[in-house]
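Shown below: entry-v6.txt, with compact mmCIF, C-alpha atoms.
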# COMPACT_ATOMS: atom_id res chain seq x y z
CA MET A 1 -58.15 -37.90 1.71
CA TYR A 2 -54.97 -39.74 2.68
CA GLN A 3 -54.19 -41.70 5.80
CA THR A 4 -50.90 -43.25 6.82
CA ILE A 5 -50.57 -46.49 8.78
CA GLU A 6 -49.71 -44.37 11.81
CA GLY A 7 -52.94 -42.42 11.38
CA GLN A 8 -51.63 -39.16 9.96
CA ARG A 9 -53.98 -37.44 7.60
CA GLY A 10 -53.82 -34.94 4.80
CA ALA A 11 -56.19 -33.46 2.27
CA ASP A 12 -56.46 -33.99 -1.46
CA SER A 13 -55.99 -30.88 -3.53
CA ALA A 14 -58.86 -30.89 -6.01
CA HIS A 15 -58.25 -29.25 -9.38
CA HIS A 16 -60.39 -26.18 -9.81
CA HIS A 17 -62.15 -27.60 -12.87
CA ILE A 18 -63.32 -30.89 -11.35
CA ALA A 19 -65.28 -31.30 -8.12
CA ILE A 20 -65.18 -34.40 -5.93
CA ASP A 21 -67.41 -35.59 -3.11
CA GLN A 22 -65.02 -35.47 -0.16
CA ASP A 23 -67.67 -36.70 2.30
CA ALA A 24 -68.15 -39.91 0.30
CA ILE A 25 -64.42 -40.54 0.31
CA ALA A 26 -64.03 -39.78 4.00
CA SER A 27 -66.81 -42.17 4.95
CA VAL A 28 -64.69 -45.20 4.04
CA ALA A 29 -61.34 -43.97 5.35
CA THR A 30 -61.34 -45.55 8.83
CA ASP A 31 -62.69 -48.93 7.72
CA GLU A 32 -60.32 -49.21 4.77
CA ALA A 33 -57.20 -48.36 6.77
CA ALA A 34 -58.22 -50.79 9.51
CA ALA A 35 -58.78 -53.54 6.93
CA VAL A 36 -55.29 -53.03 5.56
CA LEU A 37 -53.83 -53.31 9.04
CA ARG A 38 -55.75 -56.53 9.76
CA GLY A 39 -54.66 -58.24 6.54
CA THR A 40 -51.42 -60.10 5.95
CA PRO A 41 -49.27 -57.22 4.74
CA PRO A 42 -46.84 -57.39 1.83
CA ASP A 43 -43.10 -57.46 2.58
CA LEU A 44 -42.21 -53.76 2.52
CA ARG A 45 -38.65 -54.10 3.82
CA LYS A 46 -36.25 -51.99 1.82
CA ASP A 47 -34.03 -54.98 1.08
CA ALA A 48 -36.88 -57.30 0.05
CA PRO A 49 -36.89 -58.24 -3.65
CA VAL A 50 -39.74 -56.73 -5.67
CA SER A 51 -41.48 -58.67 -8.44
CA VAL A 52 -43.93 -56.96 -10.78
CA ILE A 53 -46.09 -59.29 -12.88
CA GLY A 54 -47.33 -57.80 -16.14
CA ALA A 55 -45.28 -55.42 -18.29
CA GLY A 56 -48.19 -53.46 -19.71
CA ILE A 57 -48.59 -49.77 -18.97
CA ALA A 58 -49.58 -50.27 -15.31
CA GLY A 59 -46.79 -52.73 -14.53
CA ALA A 60 -44.16 -50.74 -16.43
CA TRP A 61 -44.83 -47.53 -14.49
CA GLN A 62 -44.95 -49.33 -11.14
CA ALA A 63 -41.70 -51.18 -11.79
CA LEU A 64 -39.97 -48.01 -12.95
CA LEU A 65 -40.93 -45.94 -9.90
CA LEU A 66 -39.92 -48.74 -7.54
CA ALA A 67 -36.52 -49.13 -9.23
CA ARG A 68 -35.88 -45.40 -9.05
CA ALA A 69 -36.73 -45.55 -5.35
CA GLY A 70 -33.80 -47.94 -4.91
CA ARG A 71 -35.72 -51.23 -4.87
CA ASN A 72 -34.41 -54.46 -6.43
CA VAL A 73 -37.08 -54.88 -9.12
CA THR A 74 -37.78 -57.67 -11.60
CA LEU A 75 -40.59 -57.27 -14.13
CA TYR A 76 -42.17 -60.46 -15.51
CA GLU A 77 -44.19 -60.58 -18.74
CA ARG A 78 -45.90 -63.66 -20.18
CA GLY A 79 -45.70 -62.30 -23.74
CA ASP A 80 -42.72 -61.49 -25.89
CA ARG A 81 -40.91 -58.18 -26.25
CA GLU A 82 -43.43 -56.96 -28.84
CA MET A 83 -46.19 -57.07 -26.17
CA THR A 84 -48.83 -58.07 -28.71
CA GLN A 85 -50.79 -59.96 -26.02
CA ALA A 86 -51.06 -56.89 -23.80
CA THR A 87 -54.03 -54.54 -23.69
CA SER A 88 -51.54 -51.67 -23.96
CA HIS A 89 -50.60 -52.83 -27.47
CA TRP A 90 -54.06 -51.89 -28.72
CA ALA A 91 -54.50 -48.65 -26.77
CA GLY A 92 -54.94 -45.17 -28.15
CA GLY A 93 -52.64 -43.44 -25.67
CA MET A 94 -55.12 -40.62 -25.02
CA LEU A 95 -54.23 -38.42 -22.04
CA ALA A 96 -57.54 -36.61 -21.87
CA PRO A 97 -58.81 -36.15 -18.30
CA TYR A 98 -61.12 -33.28 -19.26
CA CYS A 99 -62.79 -35.13 -22.14
CA GLU A 100 -63.18 -38.27 -20.04
CA ALA A 101 -65.18 -36.26 -17.50
CA GLU A 102 -68.16 -36.72 -19.83
CA THR A 103 -68.67 -40.27 -18.52
CA ALA A 104 -66.00 -40.98 -15.87
CA GLU A 105 -66.07 -40.41 -12.12
CA PRO A 106 -64.35 -37.23 -10.80
CA MET A 107 -61.47 -39.24 -9.33
CA VAL A 108 -60.49 -40.31 -12.86
CA GLY A 109 -60.11 -36.67 -13.85
CA LEU A 110 -58.12 -35.80 -10.74
CA MET A 111 -55.71 -38.70 -11.11
CA GLY A 112 -55.55 -38.09 -14.85
CA MET A 113 -54.34 -34.54 -14.38
CA ARG A 114 -51.60 -35.77 -12.06
CA SER A 115 -50.64 -38.40 -14.63
CA LEU A 116 -50.39 -35.72 -17.31
CA GLU A 117 -47.76 -33.94 -15.22
CA MET A 118 -45.85 -37.19 -14.81
CA TRP A 119 -45.99 -38.00 -18.53
CA ARG A 120 -44.70 -34.53 -19.40
CA LYS A 121 -41.83 -34.88 -16.95
CA GLU A 122 -40.89 -38.38 -18.13
CA PHE A 123 -41.16 -37.58 -21.84
CA PRO A 124 -40.52 -33.84 -22.24
CA GLU A 125 -39.71 -34.37 -25.91
CA THR A 126 -43.31 -35.44 -26.61
CA ALA A 127 -45.61 -32.76 -28.01
CA PHE A 128 -48.70 -32.39 -25.83
CA ASN A 129 -50.84 -30.36 -28.22
CA GLY A 130 -54.23 -30.76 -26.58
CA SER A 131 -57.24 -32.37 -28.22
CA LEU A 132 -60.05 -31.16 -30.47
CA VAL A 133 -63.73 -32.16 -30.42
CA VAL A 134 -65.86 -31.53 -33.50
CA ALA A 135 -69.29 -32.52 -34.81
CA HIS A 136 -71.34 -32.24 -37.95
CA ALA A 137 -74.60 -30.29 -37.86
CA ARG A 138 -76.75 -33.42 -37.42
CA ASP A 139 -74.91 -34.21 -34.17
CA ARG A 140 -75.07 -30.70 -32.72
CA ALA A 141 -77.09 -31.88 -29.69
CA ASP A 142 -74.36 -34.40 -28.80
CA PHE A 143 -71.74 -31.69 -29.21
CA GLU A 144 -73.54 -29.33 -26.84
CA ARG A 145 -74.10 -32.08 -24.29
CA PHE A 146 -70.38 -32.92 -24.40
CA ALA A 147 -69.54 -29.24 -23.85
CA LYS A 148 -71.80 -29.08 -20.79
CA MET A 149 -70.40 -32.28 -19.29
CA THR A 150 -66.75 -31.25 -19.61
CA ALA A 151 -64.52 -28.36 -18.58
CA GLY A 152 -61.12 -26.98 -19.49
CA HIS A 153 -62.04 -26.28 -23.13
CA GLN A 154 -62.15 -23.28 -25.42
CA ARG A 155 -64.94 -22.84 -27.95
CA LEU A 156 -63.71 -22.31 -31.50
CA ASP A 157 -65.58 -21.04 -34.54
CA ALA A 158 -64.85 -22.30 -38.04
CA ASP A 159 -61.83 -20.01 -38.38
CA GLY A 160 -60.50 -21.17 -35.03
CA VAL A 161 -60.77 -24.82 -36.06
CA ALA A 162 -58.99 -24.06 -39.32
CA GLU A 163 -56.22 -22.19 -37.54
CA LEU A 164 -55.70 -25.06 -35.10
CA GLU A 165 -55.90 -27.81 -37.74
CA PRO A 166 -55.51 -26.41 -41.28
CA ALA A 167 -56.48 -29.76 -42.81
CA LEU A 168 -59.98 -29.28 -41.35
CA ALA A 169 -60.55 -25.82 -42.82
CA GLY A 170 -64.12 -25.42 -44.00
CA ARG A 171 -65.22 -28.78 -42.63
CA PHE A 172 -66.64 -27.88 -39.19
CA ARG A 173 -68.49 -24.79 -38.01
CA GLU A 174 -67.17 -25.01 -34.46
CA GLY A 175 -65.08 -27.09 -32.11
CA LEU A 176 -64.01 -27.57 -28.50
CA TYR A 177 -60.29 -27.25 -27.90
CA PHE A 178 -58.82 -28.83 -24.75
CA PRO A 179 -55.32 -27.26 -24.65
CA ASP A 180 -54.07 -29.07 -21.53
CA GLU A 181 -54.59 -32.60 -22.86
CA GLY A 182 -52.18 -34.76 -24.81
CA HIS A 183 -51.46 -38.19 -26.21
CA VAL A 184 -48.59 -40.63 -26.49
CA GLU A 185 -47.92 -43.48 -28.91
CA PRO A 186 -48.43 -46.56 -26.71
CA ARG A 187 -46.06 -49.01 -28.33
CA LEU A 188 -43.20 -46.52 -28.45
CA VAL A 189 -43.50 -45.20 -24.90
CA LEU A 190 -44.05 -48.66 -23.43
CA ALA A 191 -40.76 -49.85 -24.94
CA ARG A 192 -39.05 -46.72 -23.59
CA LEU A 193 -40.44 -47.31 -20.11
CA HIS A 194 -39.02 -50.85 -20.22
CA GLN A 195 -35.66 -49.47 -21.29
CA ARG A 196 -35.65 -46.88 -18.52
CA LEU A 197 -36.46 -49.57 -15.98
CA VAL A 198 -33.30 -51.42 -17.01
CA GLU A 199 -31.33 -48.17 -16.89
CA ALA A 200 -32.62 -47.67 -13.33
CA GLY A 201 -31.23 -51.07 -12.30
CA GLY A 202 -34.31 -53.23 -12.83
CA ALA A 203 -34.62 -56.41 -14.88
CA ILE A 204 -37.27 -57.64 -17.33
CA HIS A 205 -38.06 -61.26 -18.17
CA PHE A 206 -40.28 -61.70 -21.22
CA GLU A 207 -42.07 -64.97 -22.03
CA SER A 208 -42.26 -65.67 -18.29
CA GLU A 209 -45.74 -66.65 -17.17
CA ILE A 210 -45.63 -66.66 -13.40
CA THR A 211 -48.07 -66.40 -10.49
CA PRO A 212 -47.74 -64.38 -7.27
CA GLU A 213 -47.46 -67.58 -5.21
CA GLU A 214 -44.20 -68.49 -6.94
CA LEU A 215 -42.40 -65.35 -5.77
CA ASP A 216 -40.87 -64.12 -2.53
CA GLY A 217 -40.61 -60.62 -1.15
CA LEU A 218 -42.90 -57.85 -2.38
CA VAL A 219 -45.16 -58.89 -5.27
CA ILE A 220 -46.99 -56.33 -7.43
CA ASP A 221 -49.72 -57.97 -9.50
CA CYS A 222 -50.52 -56.08 -12.71
CA ARG A 223 -51.81 -58.99 -14.79
CA GLY A 224 -55.06 -57.40 -15.93
CA LEU A 225 -57.70 -59.99 -16.83
CA ALA A 226 -55.23 -62.80 -16.09
CA ALA A 227 -55.65 -61.89 -12.41
CA ARG A 228 -59.23 -63.16 -12.28
CA ASP A 229 -57.94 -66.05 -10.19
CA LYS A 230 -57.64 -63.42 -7.42
CA ALA A 231 -60.28 -60.92 -8.57
CA PRO A 232 -63.16 -62.87 -10.19
CA GLU A 233 -65.31 -59.74 -10.47
CA LEU A 234 -63.07 -58.40 -13.26
CA ARG A 235 -64.59 -58.34 -16.72
CA GLY A 236 -63.17 -57.60 -20.16
CA VAL A 237 -64.42 -54.60 -22.16
CA LYS A 238 -63.43 -54.79 -25.80
CA GLY A 239 -61.82 -51.79 -27.47
CA GLU A 240 -61.33 -51.98 -31.25
CA MET A 241 -58.92 -50.00 -33.38
CA VAL A 242 -57.86 -49.47 -36.97
CA VAL A 243 -54.52 -48.02 -38.09
CA ILE A 244 -54.41 -46.30 -41.47
CA LYS A 245 -51.69 -44.49 -43.39
CA THR A 246 -51.91 -41.48 -45.69
CA THR A 247 -49.82 -38.47 -46.69
CA GLU A 248 -52.92 -36.52 -47.73
CA VAL A 249 -53.91 -35.39 -44.23
CA THR A 250 -51.85 -33.85 -41.42
CA LEU A 251 -53.16 -33.49 -37.86
CA SER A 252 -51.29 -32.16 -34.83
CA ARG A 253 -53.53 -33.60 -32.11
CA PRO A 254 -56.30 -36.18 -31.54
CA VAL A 255 -59.62 -35.20 -33.09
CA ARG A 256 -62.82 -36.55 -31.53
CA LEU A 257 -65.87 -36.68 -33.73
CA MET A 258 -69.27 -36.76 -32.02
CA HIS A 259 -71.21 -39.92 -32.81
CA PRO A 260 -74.72 -41.06 -31.80
CA ARG A 261 -73.29 -43.94 -29.71
CA TRP A 262 -69.82 -42.74 -28.67
CA PRO A 263 -67.18 -40.19 -29.66
CA LEU A 264 -64.87 -41.64 -32.30
CA TYR A 265 -61.34 -40.34 -32.48
CA VAL A 266 -58.53 -40.00 -34.98
CA ILE A 267 -55.08 -39.95 -33.38
CA PRO A 268 -52.00 -38.91 -35.38
CA ARG A 269 -48.98 -41.19 -35.07
CA GLU A 270 -45.50 -41.26 -36.54
CA ASP A 271 -44.79 -41.78 -40.23
CA ASN A 272 -48.17 -40.54 -41.50
CA HIS A 273 -50.12 -43.16 -39.54
CA PHE A 274 -53.44 -42.51 -37.81
CA MET A 275 -55.15 -44.64 -35.19
CA LEU A 276 -58.96 -44.79 -35.25
CA GLY A 277 -60.66 -45.88 -32.07
CA ALA A 278 -63.03 -45.39 -29.12
CA THR A 279 -65.32 -48.37 -29.36
CA SER A 280 -66.25 -49.80 -25.95
CA ILE A 281 -68.14 -53.09 -26.17
CA GLU A 282 -69.23 -55.41 -23.37
CA SER A 283 -67.72 -58.48 -24.96
CA GLU A 284 -64.70 -60.66 -24.25
CA ASP A 285 -63.95 -61.85 -27.76
CA GLU A 286 -60.96 -60.19 -29.37
CA LEU A 287 -62.27 -59.87 -32.91
CA VAL A 288 -63.29 -56.65 -34.64
CA THR A 289 -66.90 -56.60 -35.79
CA VAL A 290 -67.91 -55.44 -39.26
CA ARG A 291 -70.10 -52.70 -37.77
CA SER A 292 -67.24 -51.33 -35.66
CA ALA A 293 -64.83 -51.38 -38.59
CA LEU A 294 -67.35 -49.55 -40.75
CA GLU A 295 -68.03 -46.95 -38.06
CA LEU A 296 -64.34 -46.34 -37.39
CA LEU A 297 -63.51 -45.97 -41.08
CA SER A 298 -66.63 -43.87 -41.73
CA ALA A 299 -65.64 -41.57 -38.87
CA ALA A 300 -62.24 -40.99 -40.42
CA TYR A 301 -63.89 -40.24 -43.77
CA ALA A 302 -66.30 -37.85 -42.04
CA VAL A 303 -63.38 -35.98 -40.49
CA HIS A 304 -61.69 -35.65 -43.89
CA PRO A 305 -62.61 -37.29 -47.25
CA ALA A 306 -58.93 -37.83 -48.05
CA PHE A 307 -58.92 -40.59 -45.43
CA GLY A 308 -61.03 -42.54 -47.94
CA GLU A 309 -57.86 -43.10 -49.98
CA ALA A 310 -55.74 -44.10 -46.99
CA HIS A 311 -54.26 -47.58 -46.71
CA ILE A 312 -55.40 -49.87 -43.90
CA VAL A 313 -52.30 -50.98 -42.00
CA GLU A 314 -53.77 -52.87 -39.06
CA ILE A 315 -57.06 -53.86 -37.44
CA GLY A 316 -57.23 -55.30 -33.93
CA ALA A 317 -58.88 -55.31 -30.52
CA GLY A 318 -57.85 -55.51 -26.89
CA LEU A 319 -59.72 -56.40 -23.71
CA ARG A 320 -59.62 -53.73 -21.01
CA PRO A 321 -59.84 -55.06 -17.44
CA ALA A 322 -62.69 -53.44 -15.52
CA PHE A 323 -64.34 -53.82 -12.13
CA PRO A 324 -68.14 -53.45 -11.87
CA ASP A 325 -67.82 -49.74 -11.03
CA ASN A 326 -65.32 -49.12 -13.87
CA LEU A 327 -62.88 -47.58 -11.38
CA PRO A 328 -59.25 -48.58 -10.79
CA ARG A 329 -58.24 -50.39 -7.65
CA ILE A 330 -55.05 -50.98 -5.69
CA SER A 331 -55.62 -54.00 -3.44
CA ILE A 332 -53.32 -54.64 -0.50
CA GLY A 333 -52.74 -57.73 1.62
CA ASN A 334 -51.97 -61.44 1.50
CA ARG A 335 -48.31 -60.76 0.70
CA ARG A 336 -49.00 -58.78 -2.44
CA ILE A 337 -50.26 -55.54 -3.93
CA ALA A 338 -52.52 -55.70 -6.99
CA THR A 339 -53.23 -52.83 -9.37
CA ASN A 340 -56.08 -53.51 -11.77
CA GLY A 341 -59.33 -52.31 -13.30
CA LEU A 342 -57.94 -49.40 -15.30
CA TYR A 343 -60.79 -49.91 -17.81
CA ARG A 344 -60.40 -47.52 -20.77
CA HIS A 345 -58.08 -45.19 -18.85
CA GLY A 346 -54.89 -47.24 -18.74
CA PHE A 347 -52.42 -44.71 -20.13
CA LEU A 348 -54.24 -41.85 -18.44
CA LEU A 349 -54.14 -43.35 -14.93
CA ALA A 350 -51.07 -45.62 -14.82
CA PRO A 351 -48.50 -43.01 -13.63
CA ALA A 352 -50.71 -41.64 -10.83
CA LEU A 353 -51.61 -45.12 -9.63
CA ALA A 354 -47.93 -46.08 -9.58
CA GLU A 355 -47.21 -43.00 -7.49
CA LYS A 356 -49.92 -43.98 -4.99
CA MET A 357 -48.57 -47.52 -4.79
CA LEU A 358 -45.05 -46.21 -4.14
CA ALA A 359 -46.32 -43.88 -1.40
CA TYR A 360 -47.77 -46.91 0.39
CA VAL A 361 -44.63 -49.03 -0.05
CA GLU A 362 -42.25 -46.27 1.04
CA ARG A 363 -44.25 -44.39 3.67
CA GLY A 364 -47.34 -46.43 4.49
CA VAL A 365 -49.72 -43.91 2.92
CA VAL A 366 -53.17 -45.39 2.20
CA ASP A 367 -55.22 -43.53 -0.40
CA ASN A 368 -58.82 -44.48 0.35
CA GLN A 369 -60.07 -43.44 -3.08
CA VAL A 370 -58.44 -46.41 -4.78
CA MET A 371 -57.01 -48.77 -2.13
CA ARG A 372 -58.80 -51.84 -0.83
CA CYS A 373 -57.95 -54.85 1.35
CA LEU A 374 -57.60 -58.13 -0.53
Starting from the file, give its structure as structure tokens.
Amino acid sequence: MYQTIEGQRGADSAHHHIAIDQDAIASVATDEAAAVLRGTPPDLRKDAPVSVIGAGIAGAWQALLLARAGRNVTLYERGDREMTQATSHWAGGMLAPYCEAETAEPMVGLMGMRSLEMWRKEFPETAFNGSLVVAHARDRADFERFAKMTAGHQRLDADGVAELEPALAGRFREGLYFPDEGHVEPRLVLARLHQRLVEAGGAIHFESEITPEELDGLVIDCRGLAARDKAPELRGVKGEMVVIKTTEVTLSRPVRLMHPRWPLYVIPREDNHFMLGATSIESEDELVTVRSALELLSAAYAVHPAFGEAHIVEIGAGLRPAFPDNLPRISIGNRRIATNGLYRHGFLLAPALAEKMLAYVERGVVDNQVMRCL
């Protein structure tokens, strides 16, 4: 459900694969819109300067859409151009709204499908080859549960898996193929989004640690965990990753391997690199545990033994900002707009959230699924 400041309403168009409780959304519509009106609104004048704080995936998309809408945008980032301090630096880049339906709320799937369209439009040269879920016989129960909890997939037998990924021939008896999903390489596309912001007339200042109070005009706060001065309920959820390199295995799409605790994935990247990931740990340290490293490397070996001879290129971890409900939030009021709480869905949700933010800035549209009053 959408509601403008003037009170006009429209209806969400739910994708036919994912259902959503419209009554639950509608129940908060009037109160949320009224709260926005009562707050101190941001400066939405067309000629007001726009400052976006945080050049990770959320801030980059928001700055880009605002610049293309004709706004005078400056993007501030506390880290350097390499973005090694950002959560986005350690992300997998999975664009998998159907697979995420196993554990995520329906709104994540709905926004994720919209984001997929936006990613395809922005980067048409990127191959969106879907994703593949497999399991060994001992984890068959987990495989079947995953199949029941998700939609948008095709069941493959052993020959189907081999046809889709020849490197996996003879290794798995069946698989689930999600043809409409995709993935991007986070560090590459983030740099390209920054470049396109500049091409659209925006500016970026790296190594500029700044707070919303220091800025005039419209302020968009995308600081992640650094925004706990305004949103103390945020917590960090650690995601660990390993990057390996080998010429012995070729994959065309992310492969998720069922695991007793969580699905572990192998994501192909450029130059014969593969990213191993999917840990999700309630911890705010940024070190990789021995157990996680062993599980990630063992998962790669279980997908294909040739990964056992791969070289380890990098090991690291990032902290994903999350609210208690693990859902994203756009907060409005007190002279600023804050987008935060993307949890493990940063690359999946960032474009759609930026679109919702822009709809509010340009037309006063309040989306009651994700918007709150500060």
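Near Leu44 in chain A, within a cut-off of 10 Å and counting all atoms listed in the file, sit the residues A:Pro49, A:Val50, A:Gly217, A:Leu218, A:Val219, A:Arg335, A:Arg336, A:Tyr360, A:Val361, A:Glu362, A:Arg363, A:Gly364, with same-chain residues fewer than 5 positions away left out.
Of the listed residues A:Phe123, A:Phe347, A:Tyr76, A:Tyr98, the one whose atoms come nearest to Arg192 in chain A is A:Phe123, with distances taken using all atoms listed in the file.
In terms of minimum interatomic distance to Gly112 in chain A, A:Leu353 ranks closest within A:Val249, A:Leu188, A:Val303, A:Leu353, counting only C-alpha atoms.
Taking CA of Ala104 in chain A and CA of Arg228 in chain A as the two end points, the separation is 23.5 Å.
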**Message:** Show me the residues close to (-73.0, -35.4, -25.0) - anything with an atom within 12 Å, counting only C-alpha atoms - and format the list as a list in words.
**Reply:** Cys99, Glu100, Ala101, Glu102, Thr103, Val133, Val134, Ala135, Asp139, Arg140, Ala141, Asp142, Phe143, Glu144, Arg145, Phe146, Ala147, Lys148, Met149, Thr150, Leu257, Met258, His259, Pro260, Arg261, Trp262 and Pro263 of chain A
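Proximity to Leu225 in chain A was assessed for A:Ser252, A:Asn72, A:Asn340, A:Gln62 counting all atoms listed in the file; the smallest distance is recorded for A:Asn340.
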**Prompt:** From the list A:Leu197, A:Leu95, A:Leu64, A:Val266, which residue is nearest Arg120 in chain A when using all atoms listed in the file?
**Reply:** A:Leu95
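The residue that comes closest to Pro179 in chain A, out of A:Pro97, A:Val237, A:Ala227, A:His136 and on the basis of all atoms listed in the file, is A:Pro97.
Here CA of Val242 in chain A is placed at a distance of 19.4 Å from CA of Leu190 in chain A.
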**Message:** If I take CA of Gln195 in chain A and CA of Val73 in chain A, how far is one from the other in Å, to one decimal?
**Reply:** 13.4 Å
**Request:** Would you list the contacts of Trp90 in chain A as a count of residues only, taking every protein, DNA or RNA residue within 9 Å and counting only C-alpha atoms, but skipping same-chain residues closer than 2 positions in sequence?
**Result:** 14
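If only C-alpha atoms are the atoms counted, then among A:Ile281, A:Leu276, A:Arg78, A:Gly160 the closest residue to Ser298 in chain A is A:Leu276.
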**Item:** Expected answer as a ChimeraX atom specification: all residues with atoms within 10 Å of (-57.5, -53.2, -2.6), only C-alpha atoms
**Value:** /A:32,35-36,328-333,337-340,368,370-374
Take the selection from the previous step and output its residues with C-alpha atoms, as a PDB file, in the frame of the given file.
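Result file again.pdb:
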ATOM      1  CA  GLU A  32     -60.320 -49.210   4.770  1.00  0.00           C
ATOM      2  CA  ALA A  35     -58.780 -53.540   6.930  1.00  0.00           C
ATOM      3  CA  VAL A  36     -55.290 -53.030   5.560  1.00  0.00           C
ATOM      4  CA  PRO A 328     -59.250 -48.580 -10.790  1.00  0.00           C
ATOM      5  CA  ARG A 329     -58.240 -50.390  -7.650  1.00  0.00           C
ATOM      6  CA  ILE A 330     -55.050 -50.980  -5.690  1.00  0.00           C
ATOM      7  CA  SER A 331     -55.620 -54.000  -3.440  1.00  0.00           C
ATOM      8  CA  ILE A 332     -53.320 -54.640  -0.500  1.00  0.00           C
ATOM      9  CA  GLY A 333     -52.740 -57.730   1.620  1.00  0.00           C
ATOM     10  CA  ILE A 337     -50.260 -55.540  -3.930  1.00  0.00           C
ATOM     11  CA  ALA A 338     -52.520 -55.700  -6.990  1.00  0.00           C
ATOM     12  CA  THR A 339     -53.230 -52.830  -9.370  1.00  0.00           C
ATOM     13  CA  ASN A 340     -56.080 -53.510 -11.770  1.00  0.00           C
ATOM     14  CA  ASN A 368     -58.820 -44.480   0.350  1.00  0.00           C
ATOM     15  CA  VAL A 370     -58.440 -46.410  -4.780  1.00  0.00           C
ATOM     16  CA  MET A 371     -57.010 -48.770  -2.130  1.00  0.00           C
ATOM     17  CA  ARG A 372     -58.800 -51.840  -0.830  1.00  0.00           C
ATOM     18  CA  CYS A 373     -57.950 -54.850   1.350  1.00  0.00           C
ATOM     19  CA  LEU A 374     -57.600 -58.130  -0.530  1.00  0.00           C
TER      20      LEU A 374
END
**Prompt:** Which polymer residues have any atom within 6 Å of an atom of Pro321 in chain A, counting all atoms listed in the file, with same-chain residues fewer than 3 positions away left out, as a ChimeraX atom specification?
**Reply:** /A:224-225,235-236,341,343
Would you output range 296-307 of chain A from that structure, restricted to N, CA, C and O atoms, as a PDB file, in the first residue's frame?
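Once written, result03.pdb looks like this:
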ATOM      1  N   LEU A 296      33.494 -23.034   5.411  1.00  0.00           N
ATOM      2  CA  LEU A 296      33.454 -22.427   4.088  1.00  0.00           C
ATOM      3  C   LEU A 296      34.355 -23.189   3.112  1.00  0.00           C
ATOM      4  O   LEU A 296      33.958 -23.488   1.975  1.00  0.00           O
ATOM      5  N   LEU A 297      35.558 -23.520   3.550  1.00  0.00           N
ATOM      6  CA  LEU A 297      36.478 -24.236   2.670  1.00  0.00           C
ATOM      7  C   LEU A 297      36.010 -25.671   2.433  1.00  0.00           C
ATOM      8  O   LEU A 297      36.132 -26.198   1.317  1.00  0.00           O
ATOM      9  N   SER A 298      35.440 -26.298   3.467  1.00  0.00           N
ATOM     10  CA  SER A 298      34.914 -27.661   3.303  1.00  0.00           C
ATOM     11  C   SER A 298      33.735 -27.674   2.339  1.00  0.00           C
ATOM     12  O   SER A 298      33.565 -28.627   1.558  1.00  0.00           O
ATOM     13  N   ALA A 299      32.914 -26.619   2.383  1.00  0.00           N
ATOM     14  CA  ALA A 299      31.782 -26.541   1.469  1.00  0.00           C
ATOM     15  C   ALA A 299      32.254 -26.475   0.027  1.00  0.00           C
ATOM     16  O   ALA A 299      31.694 -27.132  -0.855  1.00  0.00           O
ATOM     17  N   ALA A 300      33.288 -25.669  -0.217  1.00  0.00           N
ATOM     18  CA  ALA A 300      33.828 -25.591  -1.576  1.00  0.00           C
ATOM     19  C   ALA A 300      34.351 -26.952  -2.026  1.00  0.00           C
ATOM     20  O   ALA A 300      34.097 -27.393  -3.153  1.00  0.00           O
ATOM     21  N   TYR A 301      35.055 -27.638  -1.133  1.00  0.00           N
ATOM     22  CA  TYR A 301      35.575 -28.965  -1.459  1.00  0.00           C
ATOM     23  C   TYR A 301      34.441 -29.950  -1.720  1.00  0.00           C
ATOM     24  O   TYR A 301      34.542 -30.821  -2.595  1.00  0.00           O
ATOM     25  N   ALA A 302      33.346 -29.820  -0.960  1.00  0.00           N
ATOM     26  CA  ALA A 302      32.199 -30.704  -1.147  1.00  0.00           C
ATOM     27  C   ALA A 302      31.485 -30.436  -2.467  1.00  0.00           C
ATOM     28  O   ALA A 302      30.872 -31.338  -3.036  1.00  0.00           O
ATOM     29  N   VAL A 303      31.539 -29.206  -2.944  1.00  0.00           N
ATOM     30  CA  VAL A 303      30.961 -28.904  -4.256  1.00  0.00           C
ATOM     31  C   VAL A 303      31.812 -29.515  -5.353  1.00  0.00           C
ATOM     32  O   VAL A 303      31.301 -30.115  -6.304  1.00  0.00           O
ATOM     33  N   HIS A 304      33.144 -29.388  -5.223  1.00  0.00           N
ATOM     34  CA  HIS A 304      34.056 -29.988  -6.204  1.00  0.00           C
ATOM     35  C   HIS A 304      35.416 -30.202  -5.552  1.00  0.00           C
ATOM     36  O   HIS A 304      36.000 -29.257  -5.015  1.00  0.00           O
ATOM     37  N   PRO A 305      35.974 -31.424  -5.591  1.00  0.00           N
ATOM     38  CA  PRO A 305      37.263 -31.698  -4.949  1.00  0.00           C
ATOM     39  C   PRO A 305      38.411 -30.852  -5.481  1.00  0.00           C
ATOM     40  O   PRO A 305      39.386 -30.616  -4.763  1.00  0.00           O
ATOM     41  N   ALA A 306      38.300 -30.378  -6.726  1.00  0.00           N
ATOM     42  CA  ALA A 306      39.374 -29.562  -7.282  1.00  0.00           C
ATOM     43  C   ALA A 306      39.564 -28.260  -6.515  1.00  0.00           C
ATOM     44  O   ALA A 306      40.643 -27.664  -6.555  1.00  0.00           O
ATOM     45  N   PHE A 307      38.535 -27.817  -5.791  1.00  0.00           N
ATOM     46  CA  PHE A 307      38.693 -26.622  -4.969  1.00  0.00           C
ATOM     47  C   PHE A 307      39.714 -26.856  -3.850  1.00  0.00           C
ATOM     48  O   PHE A 307      40.231 -25.900  -3.270  1.00  0.00           O
TER      49      PHE A 307
END
